[in-house]
Every structure is written in C-alpha cells, then in structure tokens.
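J.: Have a look at this one.
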Amino acid sequence: AAAAPSDTTEAHRSALKPQQSAYAIEFENVSKAFGAHRVLVDLDLQVQPGEKVTLIGPSGSGKTTVLRLAMTLEKPTVGDIKVFGESILYGTVGRPLPRSQEARIRRRCGMVFQQFNLFPHLTVLQNLMLAPTTVLGQSKEHAEKSSFEYLRMVGLESKVHAYPAQLSGGQQQRIAIARALILKPEILLLDEITSALDPELAGEVLDVVRSVAHETKVTLLIVTHEMRFAREVSDRIVVFDAGRVIEQGPPDKIFTNPESDRTRAFLQSVL
Ligand code: ADP
C-alpha cells in the first residue's frame, strides 16, 4: 500500500519534467513570416547534442532567423521548436511564452552577434561578471574567478581592466564569446560573428571558436560566410535558399560534390 502513492508521485513528477529528447534543438514544420513575407517555409531540422552545424546560403535566405527562433528572440508563425525536448509552445497566435520557460530556454542557449554588444561603460571584467551575478546569482568571488578562466580561454587575461573602446574589434568579439560561455550554455548560437571584422581580425576570433568546438561539448549552430572555417569546424552543413533547406550533409560532400545546382551556384559566388 505504501508503494502506490510514491509511484503516483513519481509519475506525476516525471510528467512535470520537461520531456527528454535525443535532440538539442528540433524544428518541426516551422514557418516564419514577417507580414506577407515568408522568411522560413516548413523547416524541419534536428541538431544532436554536441553537434556542430553551420547554416550557409545567400543573404536573406532565413539563416539568422533560425538562430533567433532558437533563442526565443522571434516566434514561429507556425510549427514547434524544442530545446532539449522542451517545446516552445506557440499553438495560439500571439500567445506569449511563459516567462519562466523563456528564461529557462534562453539560459540553455547563448548567442553571439555580428555586433559585439559589449557594455561600453563597463570594463571587460564587469562585462563578464554582470550576467553570472545578476542572472545566476553567483557571488562576486565566484563570478570573478570564472571570468578569469574564460578570459584565459580566449587569450585576453591581460585586458581584464580595459574598456571595450580600448580593444580591437577582434578582441571585443573574443570577449563577447567569453561572456556567452561563462553562462555555460549547452547550445551556442553564432550569428555572423566575423562579418564586421577585417580579415586579419576575423582569424583570431575563428581560432577561439575552433578551440571551443574542439575542446567543449557545446552544441554549435553557426551562421557564417567563412566557408573554409565552416568546412573545418562543422559536422554538418545545412544549405538554405529562399527560406528552405535545399541540401544538407557532411562538409566534404557539400563543398566538393553538392547535389543541388543552387548550392553549386552559391558556393561559386562565395569561394
Ligand atoms: P539571412 O541570415 O540568411 O541573411 P535572415 O534570416 O536575416 O536571412 O532574413 C531573412 C529575410 O527576413 C530577409 O529578407 C529579411 O529582410 C527578413 N527579415 C528578418 N527579420 C525581419 C524583421 N524583423 N522584419 C521584417 N523582415 C525581416
């Protein structure tokens, strides 16, 4: 008789837990429109935990929108997105995501943008410590210690007391990566993080991403125009055109022997 209630409680508890899923992110039949403009059409995309996936394709084909949807910065018009099996429920048009759920999903994802978005009035250390102390409630000591660890990881310990304006664009972007990683995201979304940089500065940022890709288990979803980098760092390339996935596969296949003429035309335009 004692077993029954505890079984019930256990069943109840697991029903309340977010559903477990094999995927880090899953897009199920997702469409996104801005007014009459359909930016993504019937997207089905699954990303495995730890997988490094790069989205390529012409400008305006919907790649950034995919990242923004994963980060809950945009809502799908139709369809569902699951982050580690947890559904972003937008069944009803205009229905807001519950705050607690939005916060939880955002915490599992970190995003770095084309513009570095560091706080200009804060030092590097203050930029890094801000979210750990305010969002995660870490002590200052703890946040400072891990700030130094991540600064070491991006090779910028010596800049700890500098202000963003005193750093090069490449250094600012490396700080932005450290600032995303310090929250230990399970999924890192990188949106054209070298597009605002001169080529010689882009290299040092890509080196940091390479080491993150090789040395951590983080799931990476990348949008980039750096095809050589995409080829080196990705497990899989997904090719977008006009809001649809036209082709996907291992980098060697996509870059040397693509199936779609549109992929070939795109690669010829950028390589
Ligand atoms: P990509 O990353 O492949 O360049 P995007 O996802 O940024 O493509 O954009 C796809 C299309 O959606 C573009 O035509 C863009 O102008 C449009 N778009 C993106 N965001 C908005 C928005 N907030 N309002 C209206 N149109 C948008």
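Here's how to read the names in the structure tokens: chain A, B, ... by the order shown, residue numbers from 1 in each chain, ligand numbers from 1 in the order shown.
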Please provide the set of residues having any atom within 12 Å of Leu73 in chain A, restricted to only C-alpha atoms, with same-chain residues fewer than 2 positions apart removed, written as number ranges by chain.
T.: A: 64-71, 75-76, 88, 96-97, 102-103, 105-106, 109-111
J.: Could you write those residues out with C-alpha atoms, as a short mmCIF file (atom, residue, chain, number, x, y, z; two decimals), in the first residue's frame?
T.:
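selection.cif written:
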data_model
loop_
_atom_site.label_atom_id
_atom_site.label_comp_id
_atom_site.auth_asym_id
_atom_site.auth_seq_id
_atom_site.Cartn_x
_atom_site.Cartn_y
_atom_site.Cartn_z
CA THR A 64 19.71 34.29 -38.88
CA THR A 65 16.00 33.84 -38.31
CA VAL A 66 16.66 30.18 -37.44
CA LEU A 67 19.09 31.24 -34.70
CA ARG A 68 16.75 33.94 -33.40
CA LEU A 69 13.91 31.42 -33.20
CA ALA A 70 16.11 29.01 -31.23
CA MET A 71 16.99 31.82 -28.82
CA LYS A 75 8.28 33.42 -32.52
CA PRO A 76 7.40 30.96 -35.24
CA ILE A 88 8.34 26.45 -27.26
CA PRO A 96 3.34 34.73 -25.10
CA LEU A 97 5.77 32.14 -23.83
CA GLU A 102 11.52 31.61 -21.80
CA ALA A 103 14.16 32.29 -19.17
CA ILE A 105 15.38 28.15 -22.65
CA ARG A 106 17.41 31.30 -23.01
CA CYS A 109 21.30 28.87 -25.25
CA GLY A 110 23.98 31.52 -25.63
CA MET A 111 24.20 33.80 -28.62
#
J.: Which residues are near range 36-43 of chain A? Cut-off 7 Å, only C-alpha atoms, ignore same chain within fewer than 4 positions. Put them as a ChimeraX atom specification.
T.: /A:27-32,62,243-244
J.: For ligand 1, which residue out of A:Gln126, A:Ser59, A:Thr54, A:Gln268 is the nearest one, using only C-alpha atoms and all ligand atoms?
T.: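 Using only C-alpha atoms and all ligand atoms, the shortest distance to ligand 1 belongs to A:Ser59.
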J.: Hey, what's within 10 Å of Phe255 in chain A if we count only C-alpha atoms and toss same-chain stuff fewer than 5 positions away? As an NGL selection string, please?
T.: :A and (227-228 or 230-231 or 237 or 249-250 or 263-264 or 267 or 271)
J.: To one decimal place in Å, what is the distance between CA of Ile193 in chain A and CA of Leu220 in chain A?
T.: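 Between these atoms lies a distance of 13.0 Å.
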J.: Skipping near chain neighbours, those fewer than 6 positions away, what residues fall within 12 Å of Tyr163 in chain A using only C-alpha atoms, listed as a list in words?
T.: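 Near Tyr163 in chain A, the qualifying residues are Leu118, Phe119, Pro120, His121, Leu122, Thr123, Val124, Leu125, Gln126, Asn127, Leu128, Gln171, Gln172 and Ile175 of chain A.
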J.: For Val205 in chain A, work out the shell of residues within 7 Å, counting only C-alpha atoms and skipping chain neighbours fewer than 4 positions away, then give it as a ChimeraX atom specification.
T.: /A:170,173-174,201,209
J.: Print the selection's residues with N, CA and C atoms to a file, as an mmCIF file, in the first residue's frame.
T.:
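selection-v8.cif written:
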data_model
loop_
_atom_site.group_PDB
_atom_site.id
_atom_site.type_symbol
_atom_site.label_atom_id
_atom_site.label_comp_id
_atom_site.auth_asym_id
_atom_site.auth_seq_id
_atom_site.Cartn_x
_atom_site.Cartn_y
_atom_site.Cartn_z
ATOM 1 N N GLY A 170 38.344 42.467 -33.031
ATOM 2 C CA GLY A 170 38.549 41.031 -32.814
ATOM 3 C C GLY A 170 38.596 40.690 -31.330
ATOM 4 N N GLN A 173 35.145 40.897 -29.857
ATOM 5 C CA GLN A 173 34.331 39.729 -30.182
ATOM 6 C C GLN A 173 34.768 38.517 -29.359
ATOM 7 N N ARG A 174 36.057 38.407 -29.076
ATOM 8 C CA ARG A 174 36.521 37.293 -28.218
ATOM 9 C C ARG A 174 35.961 37.453 -26.798
ATOM 10 N N LEU A 201 41.539 40.311 -38.346
ATOM 11 C CA LEU A 201 40.961 40.174 -37.009
ATOM 12 C C LEU A 201 39.967 39.017 -36.935
ATOM 13 N N VAL A 209 36.767 30.099 -31.725
ATOM 14 C CA VAL A 209 35.612 29.210 -31.957
ATOM 15 C C VAL A 209 36.082 27.787 -32.241
#
J.: Would you return as a PDB file with N, CA and C atoms, in the first residue's frame the members of range 201-259 of chain A that DSSP assigns to alpha helix (DSSP H) on this structure's backbone?
T.:
ATOM      1  N   LEU A 201      41.539  40.311 -38.346  1.00  0.00           N
ATOM      2  CA  LEU A 201      40.961  40.174 -37.009  1.00  0.00           C
ATOM      3  C   LEU A 201      39.967  39.017 -36.935  1.00  0.00           C
ATOM      4  N   ALA A 202      39.359  38.706 -38.081  1.00  0.00           N
ATOM      5  CA  ALA A 202      38.416  37.578 -38.115  1.00  0.00           C
ATOM      6  C   ALA A 202      39.132  36.285 -37.730  1.00  0.00           C
ATOM      7  N   GLY A 203      40.383  36.149 -38.186  1.00  0.00           N
ATOM      8  CA  GLY A 203      41.139  34.923 -37.934  1.00  0.00           C
ATOM      9  C   GLY A 203      41.256  34.577 -36.464  1.00  0.00           C
ATOM     10  N   GLU A 204      41.562  35.591 -35.626  1.00  0.00           N
ATOM     11  CA  GLU A 204      41.751  35.310 -34.198  1.00  0.00           C
ATOM     12  C   GLU A 204      40.433  34.921 -33.534  1.00  0.00           C
ATOM     13  N   VAL A 205      39.322  35.437 -34.038  1.00  0.00           N
ATOM     14  CA  VAL A 205      38.005  35.078 -33.489  1.00  0.00           C
ATOM     15  C   VAL A 205      37.662  33.639 -33.889  1.00  0.00           C
ATOM     16  N   LEU A 206      37.929  33.297 -35.144  1.00  0.00           N
ATOM     17  CA  LEU A 206      37.647  31.935 -35.605  1.00  0.00           C
ATOM     18  C   LEU A 206      38.520  30.920 -34.878  1.00  0.00           C
ATOM     19  N   ASP A 207      39.767  31.317 -34.537  1.00  0.00           N
ATOM     20  CA  ASP A 207      40.628  30.413 -33.756  1.00  0.00           C
ATOM     21  C   ASP A 207      39.980  30.078 -32.415  1.00  0.00           C
ATOM     22  N   VAL A 208      39.381  31.098 -31.785  1.00  0.00           N
ATOM     23  CA  VAL A 208      38.719  30.865 -30.497  1.00  0.00           C
ATOM     24  C   VAL A 208      37.545  29.901 -30.671  1.00  0.00           C
ATOM     25  N   VAL A 209      36.767  30.099 -31.725  1.00  0.00           N
ATOM     26  CA  VAL A 209      35.612  29.210 -31.957  1.00  0.00           C
ATOM     27  C   VAL A 209      36.082  27.787 -32.241  1.00  0.00           C
ATOM     28  N   ARG A 210      37.157  27.686 -33.000  1.00  0.00           N
ATOM     29  CA  ARG A 210      37.727  26.362 -33.280  1.00  0.00           C
ATOM     30  C   ARG A 210      38.078  25.640 -31.984  1.00  0.00           C
ATOM     31  N   SER A 211      38.722  26.348 -31.058  1.00  0.00           N
ATOM     32  CA  SER A 211      39.103  25.664 -29.830  1.00  0.00           C
ATOM     33  C   SER A 211      37.874  25.349 -28.973  1.00  0.00           C
ATOM     34  N   VAL A 212      36.876  26.218 -29.001  1.00  0.00           N
ATOM     35  CA  VAL A 212      35.618  25.906 -28.292  1.00  0.00           C
ATOM     36  C   VAL A 212      34.985  24.650 -28.902  1.00  0.00           C
ATOM     37  N   ALA A 213      34.989  24.577 -30.229  1.00  0.00           N
ATOM     38  CA  ALA A 213      34.377  23.431 -30.910  1.00  0.00           C
ATOM     39  C   ALA A 213      35.112  22.140 -30.572  1.00  0.00           C
ATOM     40  N   HIS A 214      36.429  22.223 -30.492  1.00  0.00           N
ATOM     41  CA  HIS A 214      37.201  21.000 -30.285  1.00  0.00           C
ATOM     42  C   HIS A 214      37.329  20.615 -28.820  1.00  0.00           C
ATOM     43  N   GLU A 215      37.277  21.601 -27.931  1.00  0.00           N
ATOM     44  CA  GLU A 215      37.576  21.310 -26.525  1.00  0.00           C
ATOM     45  C   GLU A 215      36.351  21.251 -25.626  1.00  0.00           C
ATOM     46  N   MET A 227      33.630  30.161 -45.566  1.00  0.00           N
ATOM     47  CA  MET A 227      33.407  28.777 -45.991  1.00  0.00           C
ATOM     48  C   MET A 227      34.526  27.828 -45.557  1.00  0.00           C
ATOM     49  N   ARG A 228      35.762  28.325 -45.550  1.00  0.00           N
ATOM     50  CA  ARG A 228      36.857  27.445 -45.151  1.00  0.00           C
ATOM     51  C   ARG A 228      36.698  27.049 -43.680  1.00  0.00           C
ATOM     52  N   PHE A 229      36.353  28.057 -42.883  1.00  0.00           N
ATOM     53  CA  PHE A 229      36.109  27.818 -41.462  1.00  0.00           C
ATOM     54  C   PHE A 229      34.941  26.843 -41.273  1.00  0.00           C
ATOM     55  N   ALA A 230      33.857  27.052 -42.010  1.00  0.00           N
ATOM     56  CA  ALA A 230      32.677  26.178 -41.899  1.00  0.00           C
ATOM     57  C   ALA A 230      33.068  24.739 -42.195  1.00  0.00           C
ATOM     58  N   ARG A 231      33.906  24.587 -43.176  1.00  0.00           N
ATOM     59  CA  ARG A 231      34.316  23.241 -43.572  1.00  0.00           C
ATOM     60  C   ARG A 231      35.136  22.556 -42.481  1.00  0.00           C
ATOM     61  N   GLU A 232      36.016  23.344 -41.848  1.00  0.00           N
ATOM     62  CA  GLU A 232      36.889  22.780 -40.808  1.00  0.00           C
ATOM     63  C   GLU A 232      36.154  22.406 -39.535  1.00  0.00           C
ATOM     64  N   VAL A 233      35.193  23.246 -39.170  1.00  0.00           N
ATOM     65  CA  VAL A 233      34.672  23.161 -37.803  1.00  0.00           C
ATOM     66  C   VAL A 233      33.360  22.370 -37.722  1.00  0.00           C
ATOM     67  N   PRO A 251      30.505  18.316 -44.466  1.00  0.00           N
ATOM     68  CA  PRO A 251      31.156  19.398 -45.203  1.00  0.00           C
ATOM     69  C   PRO A 251      31.869  18.917 -46.469  1.00  0.00           C
ATOM     70  N   ASP A 252      32.573  17.805 -46.392  1.00  0.00           N
ATOM     71  CA  ASP A 252      33.306  17.362 -47.584  1.00  0.00           C
ATOM     72  C   ASP A 252      32.367  17.137 -48.764  1.00  0.00           C
ATOM     73  N   LYS A 253      31.218  16.564 -48.464  1.00  0.00           N
ATOM     74  CA  LYS A 253      30.233  16.313 -49.532  1.00  0.00           C
ATOM     75  C   LYS A 253      29.684  17.631 -50.083  1.00  0.00           C
ATOM     76  N   ILE A 254      29.265  18.518 -49.190  1.00  0.00           N
ATOM     77  CA  ILE A 254      28.627  19.760 -49.641  1.00  0.00           C
ATOM     78  C   ILE A 254      29.611  20.622 -50.429  1.00  0.00           C
ATOM     79  N   PHE A 255      30.854  20.688 -49.946  1.00  0.00           N
ATOM     80  CA  PHE A 255      31.801  21.606 -50.590  1.00  0.00           C
ATOM     81  C   PHE A 255      32.455  21.017 -51.842  1.00  0.00           C
ATOM     82  N   THR A 256      32.493  19.694 -51.958  1.00  0.00           N
ATOM     83  CA  THR A 256      33.154  19.140 -53.145  1.00  0.00           C
ATOM     84  C   THR A 256      32.174  18.539 -54.149  1.00  0.00           C
TER      85      THR A 256
END
J.: One number please: CA of Phe84 in chain A to CA of Pro185 in chain A, in Å, one decimal.
T.: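 Here the two named atoms are 12.2 Å from each other.
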J.: Any idea what the distance is between CA of Asp235 in chain A and CA of Leu197 in chain A?
T.: 25.0 Å
J.: Please provide as a list in words all residues within 8 Å of range 222-226 of chain A, with the sequence filter that same-chain residues fewer than 5 positions apart are discarded (counting only C-alpha atoms).
T.: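 My reading of the contact set: Lys52, Val53, Thr54, Leu55, Ile56, Lys63, Thr64, Leu189, Leu190, Asp191, Glu192, Ile193, Thr194, Ser195 and Val270 of chain A.
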J.: Selected residues, C-alpha atoms, written as a PDB file, in the first residue's frame, please.
T.:
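Output (out21.pdb):
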ATOM      1  CA  LYS A  52      28.481  21.448 -34.797  1.00  0.00           C
ATOM      2  CA  VAL A  53      26.131  22.611 -37.528  1.00  0.00           C
ATOM      3  CA  THR A  54      26.717  25.503 -39.923  1.00  0.00           C
ATOM      4  CA  LEU A  55      23.971  27.179 -41.902  1.00  0.00           C
ATOM      5  CA  ILE A  56      25.035  28.625 -45.238  1.00  0.00           C
ATOM      6  CA  LYS A  63      19.615  31.627 -41.595  1.00  0.00           C
ATOM      7  CA  THR A  64      19.708  34.287 -38.881  1.00  0.00           C
ATOM      8  CA  LEU A 189      24.469  30.268 -31.494  1.00  0.00           C
ATOM      9  CA  LEU A 190      26.986  32.261 -33.540  1.00  0.00           C
ATOM     10  CA  ASP A 191      25.456  34.755 -35.932  1.00  0.00           C
ATOM     11  CA  GLU A 192      27.979  36.019 -38.492  1.00  0.00           C
ATOM     12  CA  ILE A 193      30.399  36.854 -35.721  1.00  0.00           C
ATOM     13  CA  THR A 194      33.218  37.870 -38.060  1.00  0.00           C
ATOM     14  CA  SER A 195      31.208  39.859 -40.601  1.00  0.00           C
ATOM     15  CA  VAL A 270      31.431  32.979 -52.309  1.00  0.00           C
TER      16      VAL A 270
END
J.: Taking the DSSP assignment computed from this structure's backbone, write out as a PyMOL selection string all residues of range 27-267 of chain A that belong to strand (DSSP E or B).
T.: chain A and resi 27-34+37-47+52-56+78-83+86-88+109-112+187-191+219-223+236-241+244-249
J.: For Val112 in chain A, which of A:Ala22, A:Ile81, A:Ile177, A:Val218 is the closest residue, counting only C-alpha atoms?
T.: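 Of A:Ala22, A:Ile81, A:Ile177, A:Val218, the one nearest Val112 in chain A, counting only C-alpha atoms, is A:Ile177.
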J.: Find the residues near Met153 in chain A: any atom within 8 Å, counting only C-alpha atoms, skip ones fewer than 3 places away on the same chain, and give them as a list in words.
T.: Glu149, Tyr150, Leu156, Ala178 and Val208 of chain A
J.: Restricting the output to N, CA and C atoms, write the selected residues as a PDB file, in the first residue's frame.
T.:
ATOM      1  N   GLU A 149      38.946  32.566 -15.832  1.00  0.00           N
ATOM      2  CA  GLU A 149      39.089  31.306 -16.579  1.00  0.00           C
ATOM      3  C   GLU A 149      38.703  31.485 -18.039  1.00  0.00           C
ATOM      4  N   TYR A 150      37.560  32.158 -18.259  1.00  0.00           N
ATOM      5  CA  TYR A 150      37.107  32.314 -19.642  1.00  0.00           C
ATOM      6  C   TYR A 150      37.951  33.327 -20.410  1.00  0.00           C
ATOM      7  N   LEU A 156      42.714  36.594 -23.403  1.00  0.00           N
ATOM      8  CA  LEU A 156      42.676  38.043 -23.151  1.00  0.00           C
ATOM      9  C   LEU A 156      42.708  38.413 -21.660  1.00  0.00           C
ATOM     10  N   ALA A 178      33.522  34.931 -24.675  1.00  0.00           N
ATOM     11  CA  ALA A 178      33.746  34.553 -23.271  1.00  0.00           C
ATOM     12  C   ALA A 178      32.518  34.877 -22.430  1.00  0.00           C
ATOM     13  N   VAL A 208      39.381  31.098 -31.785  1.00  0.00           N
ATOM     14  CA  VAL A 208      38.719  30.865 -30.497  1.00  0.00           C
ATOM     15  C   VAL A 208      37.545  29.901 -30.671  1.00  0.00           C
TER      16      VAL A 208
END
